[in-house]
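Working notes for the structure below.
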Amino acid sequence: MEEPIIQARDLGICFAKGKQKKGRVKDLFVRRSANQKGAAAQDFWPLRHVNFDIFPGDAVGIIGRNGTGKSTLLRLITGVLIPDEGYVRREGRVAPLIALSAGFSGDLTGRENVNLVGALHGMSSKEIKSKFDEIVDFSELEDFIDTPVKHYSSGMKVRLGFGVITQLPHPILLVDEALAVGDAAFKRKCQVVIRGLLDQGRTLVFVSHSEGDLKKYCKRGIFLDAGTVVTDGTVQEALDSYKEAEERDTKRKAEKKKRQKAEKEAAERAAAPVLVPGPAEAAT
Ligand SMILES: Nc1ncnc2c1ncn2[C@@H]1O[C@H](COP(=O)(O)OP(=O)(O)OP(=O)(O)O)[C@@H](O)[C@H]1O
């Protein structure tokens with residue numbers, strides 16, 4: 001049987017509310033389990049007991065409401081975050097487009113960032129040189145390639161990030177909402193590139209709120225809710241499950257509002273003074 005390229009088992013991560021997650025490198029030396037942490041009351045688990053297998057060539061959409069741990073899951077897959085429970089195992093390197101800027105340094109120019117990010121992801125200077133024109137051409141930043149990235153718009157950063165990251169030869173591509181900021185022409189170009197990578201047998205894990213994009217790229221969908229996998233099936237099944245959860249939630253909220261309104265009205269009625277007719281009124 002084929003081996004998974006990404007495997008998550010009982011995966012969980014704990015954050016402290018109001019605090020930034022502990023640093024990765026420090027964490028390698030000071031490793032404490034979630035249960036041993038001090039401010040347990042402040043701890044929360046955006047993801048817990050998450051299990052899945054992703055196979056080479058899969059294109060998987062990660063679906064879920066805001067704050068349900070989709071980006072956190074991608075960060076766990078890349079190894080930027082370390083789980084507090086369970087594990088996520090990767091067979092092969094990851095090309096991550098998980099932040100708008102793809103890890104760029106604002107003070108460096110586009111050109112310097114291409115060299116830096118390419119090198120950080122393991123490209124040799126010869127490889128970067130050979131891909132450079134294609135990256136600049138794709139991102140349409142010829143006139144701005146020597147401008148510091150901090151002066152780029154979010155769309156420009158994503159274009160350059162997409163250009164660099166999709167040139168990496170790594171078998172796993174992670175994309176987090178990167179297409180959301182692009183205009184229609186950019187989206188069309190991305191579609192061609194992503195299709196090409198999938199045709200080469202790359203594996204895609206794709207976070208998006210766009211049903212259209214999810215259906216365009218992914219056959220499979222994982223719906224995350226309340227920190228865990230609720231549905232792992234076709235992208236349509238995961239989307240249906242997501243919509244059902246949304247409808248249930250909207251209904252629950254409406255019912256709660258109605259109940260609160262009724263309770264408030266009843267309390268107001270109970271507190272209102274009872275008007276007793278005076279003797280003159282009573283005589284008429
Ligand atoms: N580094 C961090 N430190 C502490 N809490 C964090 C950290 N990163 C994310 N969180 C919290 O973890 C939860 C999950 O966040 P995450 O960004 O993974 O959600 P998401 O599903 O990607 O949301 P969205 O759809 O809005 O992008 C949120 O409550 C968020 O505030």
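Letters A, B, ... go to the chains of the structure tokens in the order shown; residues in each chain start at 1; ligands are counted from 1 in the same order.
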message: Taking only C-alpha atoms and all ligand atoms and a cut-off of 12 Å, can you tell me which residues surround ligand 1, written as a count of residues only?
response: 57
field: Residue neighbourhood Asp133 in chain A, 12 Å, only C-alpha atoms, exclusion window fewer than 5 positions, as a list in words
entry: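 Counting only the stated atoms, we get Arg111, Val114, Glu127, Ile128, Phe138, Ser139, Glu140, Leu141, Glu142, Ile145, Leu160, Gly163, Val164 and Gln167 of chain A.
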For C-alpha atoms, I'd like the residues from the last selection saved as a short mmCIF file (atom, residue, chain, number, x, y, z; two decimals), in the first residue's frame.
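Once written, part.cif looks like this:
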```cif
data_model
loop_
_atom_site.label_atom_id
_atom_site.label_comp_id
_atom_site.auth_asym_id
_atom_site.auth_seq_id
_atom_site.Cartn_x
_atom_site.Cartn_y
_atom_site.Cartn_z
CA ARG A 111 15.70 40.70 -5.64
CA VAL A 114 14.18 36.04 -3.85
CA GLU A 127 19.22 27.25 -9.34
CA ILE A 128 17.99 30.64 -8.10
CA PHE A 138 5.52 35.68 -13.19
CA SER A 139 5.21 38.29 -10.47
CA GLU A 140 5.28 41.17 -13.00
CA LEU A 141 7.59 43.12 -10.73
CA GLU A 142 10.33 44.02 -13.20
CA ILE A 145 12.42 44.21 -8.08
CA LEU A 160 6.51 37.49 -5.63
CA GLY A 163 6.62 33.10 -7.92
CA VAL A 164 9.42 31.94 -5.59
CA GLN A 167 9.74 27.28 -8.18
#
```
- prompt: So, counting only C-alpha atoms, which residue among A:Phe162, A:Arg188, A:Val235, A:Tyr152 is closest to Glu134 in chain A?
  reply: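 Nearest candidate to Glu134 in chain A out of A:Phe162, A:Arg188, A:Val235, A:Tyr152: A:Phe162.
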message: Just the number, please: distance in Å from CA of Ser125 in chain A to CA of Val94 in chain A, one decimal.
response: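 Calculated distance between CA of Ser125 in chain A and CA of Val94 in chain A is 19.1 Å.
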message: Which residue is closest to Ser105 in chain A? Choose from A:His49, A:His170, A:Lys157, A:Arg220 and count only C-alpha atoms.
response: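 Selected residue with least distance to Ser105 in chain A: A:Lys157.
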field: strand (DSSP E or B) call set, DSSP backbone run, range 2-229 of chain A, as a PyMOL selection string
entry: chain A and resi 6-16+43-54+59-63+85-90+94-97+109+148+172-176+203-207+220-225+228-229
Store the residues picked out above, limited to C-alpha atoms, as a PDB file, in the first residue's frame.
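Saved file selection-v5.pdb follows:
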```pdb
ATOM      1  CA  ILE A   6       1.811  13.600   5.391  1.00  0.00           C
ATOM      2  CA  GLN A   7       0.471  11.733   8.380  1.00  0.00           C
ATOM      3  CA  ALA A   8      -1.136  13.284  11.452  1.00  0.00           C
ATOM      4  CA  ARG A   9      -1.851  11.182  14.518  1.00  0.00           C
ATOM      5  CA  ASP A  10      -3.628  12.465  17.588  1.00  0.00           C
ATOM      6  CA  LEU A  11      -2.165  15.840  16.681  1.00  0.00           C
ATOM      7  CA  GLY A  12      -2.772  18.670  19.127  1.00  0.00           C
ATOM      8  CA  ILE A  13      -1.362  22.045  19.997  1.00  0.00           C
ATOM      9  CA  CYS A  14      -2.028  24.200  22.988  1.00  0.00           C
ATOM     10  CA  PHE A  15      -1.804  27.995  23.010  1.00  0.00           C
ATOM     11  CA  ALA A  16      -1.910  30.328  25.962  1.00  0.00           C
ATOM     12  CA  ASP A  43      -4.543  27.337  27.900  1.00  0.00           C
ATOM     13  CA  PHE A  44      -6.679  26.453  24.928  1.00  0.00           C
ATOM     14  CA  TRP A  45      -6.363  23.837  22.227  1.00  0.00           C
ATOM     15  CA  PRO A  46      -7.139  25.203  18.753  1.00  0.00           C
ATOM     16  CA  LEU A  47      -6.420  21.682  17.451  1.00  0.00           C
ATOM     17  CA  ARG A  48      -6.661  18.383  19.281  1.00  0.00           C
ATOM     18  CA  HIS A  49      -6.957  14.684  18.369  1.00  0.00           C
ATOM     19  CA  VAL A  50      -6.465  15.456  14.682  1.00  0.00           C
ATOM     20  CA  ASN A  51      -5.882  12.415  12.472  1.00  0.00           C
ATOM     21  CA  PHE A  52      -5.440  12.144   8.711  1.00  0.00           C
ATOM     22  CA  ASP A  53      -3.267  10.662   5.977  1.00  0.00           C
ATOM     23  CA  ILE A  54      -2.430  12.599   2.844  1.00  0.00           C
ATOM     24  CA  ALA A  59      -4.978  17.922  -3.465  1.00  0.00           C
ATOM     25  CA  VAL A  60      -6.657  18.574  -0.144  1.00  0.00           C
ATOM     26  CA  GLY A  61      -8.698  21.607   0.854  1.00  0.00           C
ATOM     27  CA  ILE A  62      -8.771  22.534   4.536  1.00  0.00           C
ATOM     28  CA  ILE A  63     -12.122  24.072   5.320  1.00  0.00           C
ATOM     29  CA  GLU A  85       0.365  16.108  21.608  1.00  0.00           C
ATOM     30  CA  GLY A  86       0.718  13.494  18.890  1.00  0.00           C
ATOM     31  CA  TYR A  87       2.687  14.122  15.726  1.00  0.00           C
ATOM     32  CA  VAL A  88       2.638  15.126  12.099  1.00  0.00           C
ATOM     33  CA  ARG A  89       5.083  13.291   9.871  1.00  0.00           C
ATOM     34  CA  ARG A  90       6.175  14.452   6.424  1.00  0.00           C
ATOM     35  CA  VAL A  94       7.511  21.478   1.991  1.00  0.00           C
ATOM     36  CA  ALA A  95       7.094  24.571  -0.182  1.00  0.00           C
ATOM     37  CA  PRO A  96       5.012  26.833   2.063  1.00  0.00           C
ATOM     38  CA  LEU A  97       3.016  29.789   0.833  1.00  0.00           C
ATOM     39  CA  THR A 109      14.553  44.415  -1.959  1.00  0.00           C
ATOM     40  CA  PRO A 148      12.367  47.154  -0.563  1.00  0.00           C
ATOM     41  CA  ILE A 172       4.489  19.264  -0.904  1.00  0.00           C
ATOM     42  CA  LEU A 173       2.922  22.660  -1.603  1.00  0.00           C
ATOM     43  CA  LEU A 174       1.026  24.417   1.186  1.00  0.00           C
ATOM     44  CA  VAL A 175      -1.084  27.423   0.259  1.00  0.00           C
ATOM     45  CA  ASP A 176      -2.905  29.515   2.846  1.00  0.00           C
ATOM     46  CA  THR A 203       0.832  17.214  -3.220  1.00  0.00           C
ATOM     47  CA  LEU A 204      -1.260  20.273  -2.381  1.00  0.00           C
ATOM     48  CA  VAL A 205      -2.728  21.280   0.965  1.00  0.00           C
ATOM     49  CA  PHE A 206      -4.855  24.334   0.395  1.00  0.00           C
ATOM     50  CA  VAL A 207      -6.564  26.580   2.935  1.00  0.00           C
ATOM     51  CA  ARG A 220     -10.527  15.984  -1.215  1.00  0.00           C
ATOM     52  CA  GLY A 221     -11.664  18.191   1.659  1.00  0.00           C
ATOM     53  CA  ILE A 222     -11.081  18.174   5.398  1.00  0.00           C
ATOM     54  CA  PHE A 223     -13.578  20.146   7.448  1.00  0.00           C
ATOM     55  CA  LEU A 224     -12.208  21.262  10.802  1.00  0.00           C
ATOM     56  CA  ASP A 225     -14.529  22.379  13.541  1.00  0.00           C
ATOM     57  CA  THR A 228     -10.767  18.608  15.191  1.00  0.00           C
ATOM     58  CA  VAL A 229     -11.569  16.819  11.918  1.00  0.00           C
TER      59      VAL A 229
END
```
